[in-house]
file entry-v8.csv (CSV, C-alpha atoms)
chain,number,residue,atom,x,y,z
A,292,MET,CA,-42.7,16.5,-40.0
A,293,MET,CA,-43.8,18.2,-36.8
A,294,ARG,CA,-44.8,14.8,-35.4
A,295,VAL,CA,-41.4,13.3,-36.2
A,296,SER,CA,-39.6,16.2,-34.6
A,297,TYR,CA,-41.5,15.8,-31.4
A,298,VAL,CA,-40.8,12.1,-31.3
A,299,MET,CA,-37.1,12.7,-32.0
A,300,ALA,CA,-36.7,15.6,-29.6
A,301,PRO,CA,-36.6,13.4,-26.4
A,302,PHE,CA,-34.1,11.1,-28.1
A,303,ALA,CA,-31.9,14.0,-29.2
A,304,ALA,CA,-32.0,15.5,-25.7
A,305,SER,CA,-31.1,12.1,-24.2
A,306,LEU,CA,-28.2,11.7,-26.7
A,307,ALA,CA,-26.9,15.1,-25.9
A,308,TRP,CA,-27.1,14.4,-22.1
A,309,THR,CA,-25.2,11.1,-22.7
A,310,ILE,CA,-22.5,12.5,-24.9
A,311,GLY,CA,-22.1,15.8,-22.9
A,312,PRO,CA,-20.3,14.5,-19.8
A,313,ALA,CA,-18.0,12.3,-21.8
A,314,ALA,CA,-17.1,15.1,-24.2
A,315,ALA,CA,-16.6,17.5,-21.2
A,316,ALA,CA,-14.3,14.9,-19.5
A,317,GLU,CA,-12.3,14.5,-22.7
A,318,SER,CA,-11.9,18.2,-23.1
A,319,ALA,CA,-10.9,18.7,-19.5
A,320,TRP,CA,-8.4,15.9,-19.9
A,321,GLU,CA,-6.9,17.4,-23.0
A,322,ASP,CA,-6.5,20.7,-21.2
A,323,VAL,CA,-4.7,19.0,-18.3
A,324,VAL,CA,-2.4,17.1,-20.5
A,325,LYS,CA,-1.5,20.2,-22.5
A,326,ALA,CA,-0.7,22.1,-19.2
A,327,ALA,CA,1.3,19.1,-17.9
A,328,LEU,CA,3.4,19.0,-21.0
A,329,ALA,CA,4.2,22.7,-20.5
A,330,GLU,CA,5.2,22.0,-16.9
A,331,GLY,CA,7.5,19.2,-18.2
A,332,GLU,CA,8.0,17.2,-15.1
A,333,VAL,CA,6.4,15.5,-12.0
A,334,ASP,CA,7.9,14.7,-8.6
A,335,VAL,CA,6.7,11.4,-7.1
A,336,HIS,CA,7.3,9.7,-3.8
A,337,GLY,CA,6.8,5.9,-3.9
A,338,GLY,CA,7.5,2.7,-2.0
A,339,PRO,CA,11.1,1.5,-1.3
A,340,GLY,CA,13.1,-0.8,-3.6
A,341,LYS,CA,13.5,-1.5,-7.3
A,342,LEU,CA,10.2,-3.2,-7.8
A,343,TYR,CA,8.2,-0.1,-6.7
A,344,GLU,CA,10.4,2.1,-8.8
A,345,GLU,CA,9.8,0.0,-11.9
A,346,ALA,CA,6.0,-0.3,-11.3
A,347,LEU,CA,5.7,3.5,-10.7
A,348,THR,CA,7.9,4.9,-13.4
A,349,GLN,CA,8.5,2.7,-16.4
A,350,GLY,CA,5.0,2.7,-17.8
A,351,PHE,CA,4.6,6.5,-17.2
A,352,ARG,CA,7.8,7.2,-19.1
A,353,ALA,CA,6.5,5.2,-22.0
A,354,ALA,CA,3.0,6.8,-22.0
A,355,TYR,CA,4.2,10.4,-21.4
A,356,PRO,CA,7.9,10.6,-22.6
A,357,ALA,CA,7.7,14.5,-22.7
A,358,ILE,CA,7.0,14.6,-18.9
A,359,LYS,CA,10.1,13.9,-16.9
A,360,ILE,CA,9.4,11.9,-13.7
A,361,ASN,CA,11.6,12.5,-10.7
A,362,PHE,CA,11.0,9.5,-8.4
A,363,SER,CA,12.2,8.8,-4.9
A,364,GLY,CA,11.3,5.5,-3.3
A,365,SER,CA,11.5,5.1,0.5
A,366,SER,CA,9.6,4.1,3.5
A,367,GLY,CA,7.4,6.7,5.1
A,368,ARG,CA,9.4,6.6,8.3
A,369,ASP,CA,12.3,7.9,6.2
A,370,ALA,CA,10.5,10.2,3.8
A,371,ILE,CA,8.0,11.9,6.1
A,372,PRO,CA,10.5,13.6,8.4
A,373,GLN,CA,12.2,15.0,5.4
A,374,ILE,CA,9.0,16.3,3.8
A,375,MET,CA,8.0,17.9,7.1
A,376,ARG,CA,11.3,19.7,7.4
A,377,GLU,CA,11.0,20.9,3.9
A,378,ARG,CA,7.5,22.3,4.5
A,379,GLU,CA,8.6,24.0,7.7
A,380,ALA,CA,11.3,25.8,5.6
A,381,GLY,CA,8.7,26.7,3.0
A,382,VAL,CA,9.9,24.2,0.4
A,383,TYR,CA,7.3,22.4,-1.5
A,384,HIS,CA,9.1,19.8,-3.6
A,385,TRP,CA,6.5,17.0,-4.1
A,386,ASP,CA,3.6,16.5,-6.4
A,387,VAL,CA,2.3,13.1,-5.6
A,388,TYR,CA,2.7,10.8,-2.6
A,389,VAL,CA,2.3,7.1,-3.1
A,390,GLY,CA,2.9,5.0,0.0
A,391,GLY,CA,1.6,3.6,3.2
A,392,THR,CA,-1.0,5.4,5.3
A,393,PRO,CA,-0.9,5.5,9.1
A,394,SER,CA,2.2,7.7,9.2
A,395,ILE,CA,0.9,10.2,6.6
A,396,LEU,CA,-2.6,10.2,8.3
A,397,GLN,CA,-0.9,11.2,11.5
A,398,THR,CA,1.6,13.7,10.2
A,399,LEU,CA,1.2,15.0,6.6
A,400,MET,CA,-2.6,15.1,6.5
A,401,PRO,CA,-2.9,17.1,9.8
A,402,ALA,CA,-0.2,19.4,8.5
A,403,GLY,CA,-2.4,20.3,5.5
A,404,ALA,CA,0.0,18.6,3.1
A,405,PHE,CA,-2.7,17.2,0.8
A,406,VAL,CA,-5.4,18.6,-1.4
A,407,PRO,CA,-8.7,16.8,-2.1
A,408,LEU,CA,-8.0,14.0,-4.5
A,409,ARG,CA,-11.4,13.5,-6.2
A,410,PRO,CA,-11.2,16.6,-8.4
A,411,ALA,CA,-8.0,15.2,-9.9
A,412,LEU,CA,-9.7,12.0,-11.1
A,413,ILE,CA,-10.8,12.7,-14.6
A,414,LEU,CA,-10.5,9.6,-16.9
A,415,PRO,CA,-13.7,7.5,-17.2
A,416,GLU,CA,-11.8,4.2,-16.6
A,417,VAL,CA,-10.5,5.7,-13.4
A,418,VAL,CA,-13.8,6.8,-11.9
A,419,ASP,CA,-15.7,3.7,-13.0
A,420,ASP,CA,-17.0,2.0,-9.8
A,421,LYS,CA,-17.2,-1.3,-11.6
A,422,ALA,CA,-13.5,-1.4,-12.1
A,423,TRP,CA,-12.6,-1.4,-8.4
A,424,TYR,CA,-13.0,-3.8,-5.5
A,425,GLY,CA,-15.6,-2.0,-3.3
A,426,GLY,CA,-16.1,0.7,-5.9
A,427,LEU,CA,-13.8,3.6,-6.4
A,428,ASP,CA,-14.9,5.2,-3.1
A,429,GLY,CA,-14.7,2.0,-1.1
A,430,ALA,CA,-11.2,2.4,0.1
A,431,TRP,CA,-10.6,6.0,1.4
A,432,MET,CA,-8.2,5.7,4.3
A,433,ASP,CA,-9.0,9.0,5.9
A,434,LYS,CA,-12.3,9.5,7.7
A,435,ALA,CA,-13.1,12.5,5.6
A,436,ARG,CA,-12.9,10.3,2.5
A,437,THR,CA,-11.1,13.1,0.7
A,438,TYR,CA,-7.3,12.8,0.7
A,439,VAL,CA,-5.9,9.3,0.8
A,440,LEU,CA,-7.2,6.6,-1.5
A,441,ALA,CA,-6.1,2.9,-1.6
A,442,LEU,CA,-5.0,1.4,-4.9
A,443,GLU,CA,-4.0,-1.9,-3.3
A,444,SER,CA,-6.1,-4.5,-1.5
A,445,SER,CA,-4.2,-7.5,-0.2
A,446,VAL,CA,-5.0,-9.9,2.6
A,447,THR,CA,-1.4,-9.9,3.5
A,448,PRO,CA,0.2,-12.8,5.4
A,449,GLY,CA,1.2,-12.0,9.0
A,450,MET,CA,4.5,-13.7,8.4
A,451,LEU,CA,6.6,-15.7,5.9
A,452,VAL,CA,8.2,-19.0,6.8
A,453,ASN,CA,11.1,-20.7,5.1
A,454,TRP,CA,9.7,-24.3,5.3
A,455,ASP,CA,13.1,-25.8,4.5
A,456,PHE,CA,13.9,-25.0,8.1
A,457,VAL,CA,10.6,-25.3,9.9
A,458,SER,CA,8.3,-28.3,10.1
A,459,HIS,CA,4.6,-27.8,9.2
A,460,ASP,CA,3.8,-30.1,12.1
A,461,ASP,CA,5.5,-27.7,14.5
A,462,LEU,CA,4.0,-24.5,13.2
A,463,LYS,CA,0.3,-24.8,12.5
A,464,THR,CA,-1.1,-21.7,14.3
A,465,TYR,CA,0.0,-18.3,15.3
A,466,GLN,CA,-0.1,-19.4,18.9
A,467,ASP,CA,2.7,-21.9,18.0
A,468,LEU,CA,5.0,-18.9,17.7
A,469,LEU,CA,5.2,-19.0,21.5
A,470,LYS,CA,6.8,-22.5,21.6
A,471,PRO,CA,10.3,-22.5,23.1
A,472,GLN,CA,11.7,-24.1,20.0
A,473,PHE,CA,11.1,-21.0,18.0
A,474,ALA,CA,13.0,-18.7,20.4
A,475,ASP,CA,15.8,-17.0,18.4
A,476,LYS,CA,14.3,-18.2,15.1
A,477,ILE,CA,12.2,-15.1,14.3
A,478,VAL,CA,13.0,-11.8,12.7
A,479,TRP,CA,10.4,-9.0,12.8
A,480,ASP,CA,10.3,-5.7,10.9
A,481,ASP,CA,10.7,-3.4,13.9
A,482,PRO,CA,7.1,-2.9,15.4
A,483,ARG,CA,8.3,0.0,17.4
A,484,LEU,CA,8.5,2.0,14.2
A,485,PRO,CA,5.9,2.9,11.6
A,486,GLY,CA,5.6,0.3,8.9
A,487,GLN,CA,4.6,-3.3,8.2
A,488,GLY,CA,6.0,-4.5,11.5
A,489,VAL,CA,3.6,-2.6,13.6
A,490,ALA,CA,0.8,-3.6,11.3
A,491,SER,CA,1.5,-7.3,12.1
A,492,GLY,CA,1.6,-6.3,15.8
A,493,GLN,CA,-1.8,-4.7,15.3
A,494,ARG,CA,-3.2,-7.8,13.7
A,495,PHE,CA,-1.9,-10.0,16.5
A,496,LEU,CA,-3.4,-7.6,19.1
A,497,VAL,CA,-6.8,-7.6,17.5
A,498,ASN,CA,-6.9,-11.4,17.0
A,499,PHE,CA,-5.1,-12.7,20.1
A,500,GLY,CA,-5.0,-10.0,22.6
A,501,ALA,CA,-2.4,-8.0,24.5
A,502,ASP,CA,-1.0,-10.9,26.6
A,503,PHE,CA,-0.1,-12.9,23.5
A,504,LEU,CA,1.7,-9.9,22.0
A,505,LYS,CA,3.5,-9.1,25.3
A,506,HIS,CA,4.9,-12.7,25.4
A,507,LEU,CA,5.8,-12.7,21.8
A,508,TYR,CA,7.7,-9.4,22.1
A,509,SER,CA,9.6,-10.2,25.3
A,510,ASP,CA,10.0,-14.0,25.5
A,511,GLN,CA,11.1,-15.3,22.1
A,512,LYS,CA,14.5,-13.7,21.6
A,513,ILE,CA,13.2,-12.1,18.4
A,514,VAL,CA,15.6,-10.1,16.2
A,515,TYR,CA,14.0,-6.7,15.3
A,516,THR,CA,15.3,-4.8,12.2
A,517,SER,CA,14.1,-1.9,10.1
A,518,ASN,CA,16.3,-3.1,7.2
A,519,THR,CA,13.7,-4.8,5.0
A,520,ARG,CA,16.3,-6.4,2.6
A,521,GLN,CA,18.3,-7.8,5.6
A,522,ASN,CA,15.0,-9.1,7.0
A,523,ALA,CA,14.3,-11.0,3.8
A,524,GLU,CA,17.8,-12.3,3.4
A,525,TRP,CA,17.8,-13.8,6.9
A,526,VAL,CA,14.6,-15.6,6.1
A,527,VAL,CA,15.9,-16.8,2.8
A,528,ARG,CA,19.2,-18.1,4.3
A,529,GLY,CA,17.4,-19.7,7.2
A,530,GLN,CA,19.3,-17.8,9.8
A,531,TYR,CA,15.9,-16.6,11.1
A,532,PRO,CA,13.5,-18.8,9.1
A,533,ILE,CA,10.3,-17.1,10.5
A,534,GLY,CA,9.9,-13.6,9.2
A,535,ILE,CA,7.1,-11.4,10.7
A,536,ALA,CA,6.2,-8.6,8.3
A,537,THR,CA,8.9,-9.7,6.0
A,538,ALA,CA,8.3,-7.8,2.7
A,539,VAL,CA,7.2,-10.1,-0.1
A,540,GLU,CA,8.8,-7.7,-2.7
A,541,GLN,CA,12.2,-8.2,-1.0
A,542,VAL,CA,11.9,-12.0,-1.1
A,543,THR,CA,10.8,-12.1,-4.7
A,544,PRO,CA,14.3,-11.2,-6.2
A,545,PHE,CA,15.9,-14.1,-4.3
A,546,GLN,CA,13.2,-16.5,-5.5
A,547,GLN,CA,13.7,-15.3,-9.1
A,548,GLN,CA,17.3,-16.4,-8.6
A,549,GLY,CA,16.1,-19.9,-7.5
A,550,ILE,CA,16.8,-19.2,-3.8
A,551,GLY,CA,14.2,-19.5,-1.0
A,552,LYS,CA,11.7,-21.3,-3.2
A,553,ASN,CA,10.0,-22.9,-0.2
A,554,ILE,CA,9.2,-19.7,1.5
A,555,ALA,CA,5.4,-19.2,2.0
A,556,ALA,CA,3.0,-17.7,4.4
A,557,LEU,CA,1.6,-19.6,7.4
A,558,ASP,CA,-1.8,-20.8,6.3
A,559,ALA,CA,-3.8,-20.2,9.4
A,560,PRO,CA,-7.1,-18.4,9.7
A,561,LEU,CA,-7.8,-15.3,11.7
A,562,ALA,CA,-11.0,-14.5,13.4
A,563,HIS,CA,-10.7,-10.8,12.3
A,564,PRO,CA,-9.1,-10.7,8.9
A,565,SER,CA,-7.8,-7.4,7.6
A,566,VAL,CA,-7.0,-5.9,4.2
A,567,SER,CA,-3.7,-4.0,3.8
A,568,THR,CA,-2.9,-1.3,1.4
A,569,GLY,CA,0.9,-1.8,1.8
A,570,PHE,CA,2.6,1.1,0.0
A,571,GLY,CA,-0.4,1.4,-2.3
A,572,THR,CA,-2.3,4.6,-1.5
A,573,VAL,CA,-2.2,7.8,-3.5
A,574,SER,CA,-2.5,11.5,-2.4
A,575,MET,CA,-1.9,14.8,-4.2
A,576,MET,CA,0.3,17.3,-2.4
A,577,ASP,CA,-0.7,20.8,-1.7
A,578,HIS,CA,1.5,23.5,-3.2
A,579,ALA,CA,2.4,21.0,-5.9
A,580,PRO,CA,5.0,22.5,-8.2
A,581,HIS,CA,3.6,20.7,-11.1
A,582,PRO,CA,-0.2,20.4,-10.4
A,583,ASN,CA,-1.3,19.4,-13.9
A,584,ALA,CA,1.5,16.8,-14.3
A,585,ALA,CA,0.4,15.5,-10.9
A,586,LYS,CA,-3.1,15.0,-12.2
A,587,VAL,CA,-1.8,13.2,-15.4
A,588,TYR,CA,0.4,11.0,-13.2
A,589,ILE,CA,-2.5,10.1,-10.8
A,590,ASN,CA,-4.9,9.2,-13.6
A,591,TRP,CA,-2.2,7.2,-15.3
A,592,LEU,CA,-1.4,5.4,-12.0
A,593,MET,CA,-5.1,4.5,-11.4
A,594,GLY,CA,-5.6,3.3,-15.0
A,595,LYS,CA,-5.6,-0.3,-16.1
A,596,PRO,CA,-2.0,-0.5,-17.6
A,597,ALA,CA,-0.4,1.0,-14.5
A,598,GLN,CA,-2.4,-1.1,-12.1
A,599,THR,CA,-1.3,-4.2,-14.2
A,600,ASP,CA,2.2,-3.0,-13.6
A,601,TRP,CA,1.5,-2.8,-9.9
A,602,GLY,CA,1.6,-6.6,-9.9
A,603,LYS,CA,5.4,-6.3,-10.3
A,604,THR,CA,5.5,-5.4,-6.6
A,605,GLY,CA,4.0,-8.8,-5.7
A,606,HIS,CA,0.9,-7.2,-4.4
A,607,ASN,CA,-2.6,-6.9,-5.6
A,608,SER,CA,-4.2,-3.9,-7.3
A,609,ARG,CA,-7.7,-3.1,-6.1
A,610,ARG,CA,-8.8,-2.9,-9.7
A,611,LEU,CA,-10.9,-5.9,-10.8
A,612,ASP,CA,-10.0,-5.8,-14.5
A,613,VAL,CA,-6.2,-6.6,-14.1
A,614,PRO,CA,-4.4,-9.8,-13.2
A,615,HIS,CA,-3.6,-10.1,-9.5
A,616,ALA,CA,-0.1,-10.9,-8.5
A,617,ALA,CA,-1.2,-12.9,-5.5
A,618,PRO,CA,-4.8,-14.1,-6.3
A,619,ASP,CA,-5.0,-16.1,-3.0
A,620,GLU,CA,-4.4,-12.9,-1.1
A,621,PHE,CA,-7.2,-10.9,-2.8
A,622,PRO,CA,-10.2,-10.2,-0.6
A,623,VAL,CA,-12.9,-12.9,-0.9
A,624,PRO,CA,-16.4,-11.7,-1.7
A,625,GLY,CA,-18.7,-12.1,1.3
A,626,ILE,CA,-16.0,-11.8,4.0
A,627,SER,CA,-15.9,-8.7,6.1
A,628,TYR,CA,-12.4,-7.2,6.3
A,629,THR,CA,-11.0,-4.4,8.3
A,630,TRP,CA,-8.8,-1.8,6.5
A,631,ASP,CA,-6.0,-2.0,9.1
A,632,GLN,CA,-4.2,1.0,7.8
A,633,SER,CA,-7.2,3.4,7.8
A,634,GLU,CA,-7.5,6.4,10.1
A,635,GLU,CA,-10.2,4.8,12.2
A,636,ASN,CA,-8.0,1.9,13.1
A,637,ILE,CA,-4.9,3.9,14.1
A,638,PRO,CA,-5.7,3.5,17.8
A,639,THR,CA,-5.1,-0.3,17.8
A,640,ARG,CA,-1.9,0.3,15.8
A,641,GLU,CA,-0.7,2.8,18.4
A,642,GLU,CA,-1.5,0.3,21.2
A,643,ALA,CA,0.5,-2.4,19.4
A,644,ALA,CA,3.5,0.0,19.0
A,645,ALA,CA,3.3,1.1,22.7
A,646,LEU,CA,3.4,-2.6,23.8
A,647,ALA,CA,6.4,-3.1,21.6
A,648,ARG,CA,8.2,-0.2,23.1
A,649,GLU,CA,7.4,-1.4,26.6
A,650,PHE,CA,8.1,-5.1,26.2
A,651,ILE,CA,10.8,-5.5,23.6
A,652,PRO,CA,14.1,-5.9,25.5
A,653,SER,CA,16.3,-2.8,24.9
A,654,GLN,CA,19.2,-4.8,23.5
A,655,ARG,CA,17.0,-5.9,20.6

call {"tool": "encode", "arguments": {"input": "entry-v8.csv", "output": "structure tokens"}}
result
Amino acid sequence: MMRVSYVMAPFAASLAWTIGPAAAAESAWEDVVKAALAEGEVDVHGGPGKLYEEALTQGFRAAYPAIKINFSGSSGRDAIPQIMREREAGVYHWDVYVGGTPSILQTLMPAGAFVPLRPALILPEVVDDKAWYGGLDGAWMDKARTYVLALESSVTPGMLVNWDFVSHDDLKTYQDLLKPQFADKIVWDDPRLPGQGVASGQRFLVNFGADFLKHLYSDQKIVYTSNTRQNAEWVVRGQYPIGIATAVEQVTPFQQQGIGKNIAALDAPLAHPSVSTGFGTVSMMDHAPHPNAAKVYINWLMGKPAQTDWGKTGHNSRRLDVPHAAPDEFPVPGISYTWDQSEENIPTREEAAALAREFIPSQR
């Protein structure tokens, strides 16, 4: 019997070691959920528009009906000034921030508005490296790899084109945008402001240089707007059939109604491709009024069901075990991409914005 017990002892120790962390995680999760239920609500900021609201709220309400979700969807250029004013007044309203990154990396993060995210990640399916493109830790947007984590990875098109109004023979490369025939045919999400517009400017700058960007800004009679729905509608109607940084999620509702079916990206390669997070990063706010509900929400958001719902936005989740809304825009294995919204790439974004402010005619 002694011989058997010695043989079994290593197995028993191994089994205990294997089960221990899982049991601890399960116990920790049960405690967090219990505390979240006592808090009763969670306040979440997310991307603008109905598609983001649906993707970021409906599944959570079904999974945790006893936790009320208060959701506000808007662009960071609208939400961040409000959050900063609240913080200056000692008001801490938010639990979770889901959105784009450069503006929060330059404002909210330096202001101490976030707490380290990793301790909030509890569920095994969330922390499993195999579930994520690049592994879980492969898409921290802050240099400290602590506060802002990407959920989305899309090789987003630099622009959308309504090919009912533009010939493929005339527009084959990005350099073709400088042709005189495309003057007054382009709308651009305003690259002087934070958002997707300046991201496109950054991409043009990195791939084609400052002179290309200067001429595009100043010579082509481009219409610049910060109204993303208006941008999309103009492209759909053909008033401005070339849309730079036109939001896919704003075009999708038109296409679902049978309008703008021939809108697609320009299929032209870039020497320096980049991956965008869009409005798909998550951070946990400091002084969160509902810290446990925030943890429940974040783990739900990063789980398989919620990241499946992320496809409703028209963009790709970084998870590998969910369907991708735009498979042709998911990063290709073996290709080196730049995370264009990361903290280390803010300088080129700032340069693109500075060029926009200098060379875009004031009347536009």

call {"tool": "closest_residue", "arguments": {"input": "entry-v8.csv", "among": "A:Pro544, A:Gly551, A:Gly571, A:Pro652", "to": "A:Leu507", "atoms": "all atoms listed in the file"}}
result
A:Pro652

call {"tool": "atom_distance", "arguments": {"input": "entry-v8.csv", "atom1": "atom CA of A:Asp481", "atom2": "atom CA of A:Asn522"}}
result
9.9 Å

call {"tool": "atom_distance", "arguments": {"input": "entry-v8.csv", "atom1": "atom CA of A:Ile626", "atom2": "atom CA of A:Leu427"}}
result
18.7 Å

call {"tool": "closest_residue", "arguments": {"input": "entry-v8.csv", "among": "A:Gly340, A:Leu412, A:Ala370, A:Val389", "to": "A:Arg520", "atoms": "only C-alpha atoms"}}
result
A:Gly340

call {"tool": "closest_residue", "arguments": {"input": "entry-v8.csv", "among": "A:Val324, A:Ala536, A:Val417, A:Val452", "to": "A:Gly594", "atoms": "only C-alpha atoms"}}
result
A:Val417

call {"tool": "closest_residue", "arguments": {"input": "entry-v8.csv", "among": "A:Met576, A:Ala562, A:Asp322, A:Thr392", "to": "A:Ile374", "atoms": "all atoms listed in the file"}}
result
A:Met576

call {"tool": "closest_residue", "arguments": {"input": "entry-v8.csv", "among": "A:Thr537, A:Gln511, A:Gln466, A:Asn453", "to": "A:Gly486", "atoms": "all atoms listed in the file"}}
result
A:Thr537

call {"tool": "closest_residue", "arguments": {"input": "entry-v8.csv", "among": "A:Arg648, A:Arg483, A:Lys505, A:Lys359", "to": "A:Asp334", "atoms": "all atoms listed in the file"}}
result
A:Lys359

call {"tool": "atom_distance", "arguments": {"input": "entry-v8.csv", "atom1": "atom CA of A:Leu462", "atom2": "atom CA of A:Glu642"}}
result
26.6 Å

call {"tool": "residues_around", "arguments": {"input": "entry-v8.csv", "residues": "A:Tyr343", "least_positions_apart": "5", "cutoff": "8 Å", "atoms": "only C-alpha atoms", "output": "list in words"}}
result
Gly337, Gly338, Gly364, Trp601, Lys603 and Thr604 of chain A

call {"tool": "write_last_selection", "arguments": {"input": "entry-v8.csv", "atoms": "C-alpha atoms", "output": "short mmCIF file (atom, residue, chain, number, x, y, z; two decimals), in the frame of the given file"}}
result
data_model
loop_
_atom_site.label_atom_id
_atom_site.label_comp_id
_atom_site.auth_asym_id
_atom_site.auth_seq_id
_atom_site.Cartn_x
_atom_site.Cartn_y
_atom_site.Cartn_z
CA GLY A 337 6.80 5.90 -3.90
CA GLY A 338 7.50 2.70 -2.00
CA GLY A 364 11.30 5.50 -3.30
CA TRP A 601 1.50 -2.80 -9.90
CA LYS A 603 5.40 -6.30 -10.30
CA THR A 604 5.50 -5.40 -6.60
#
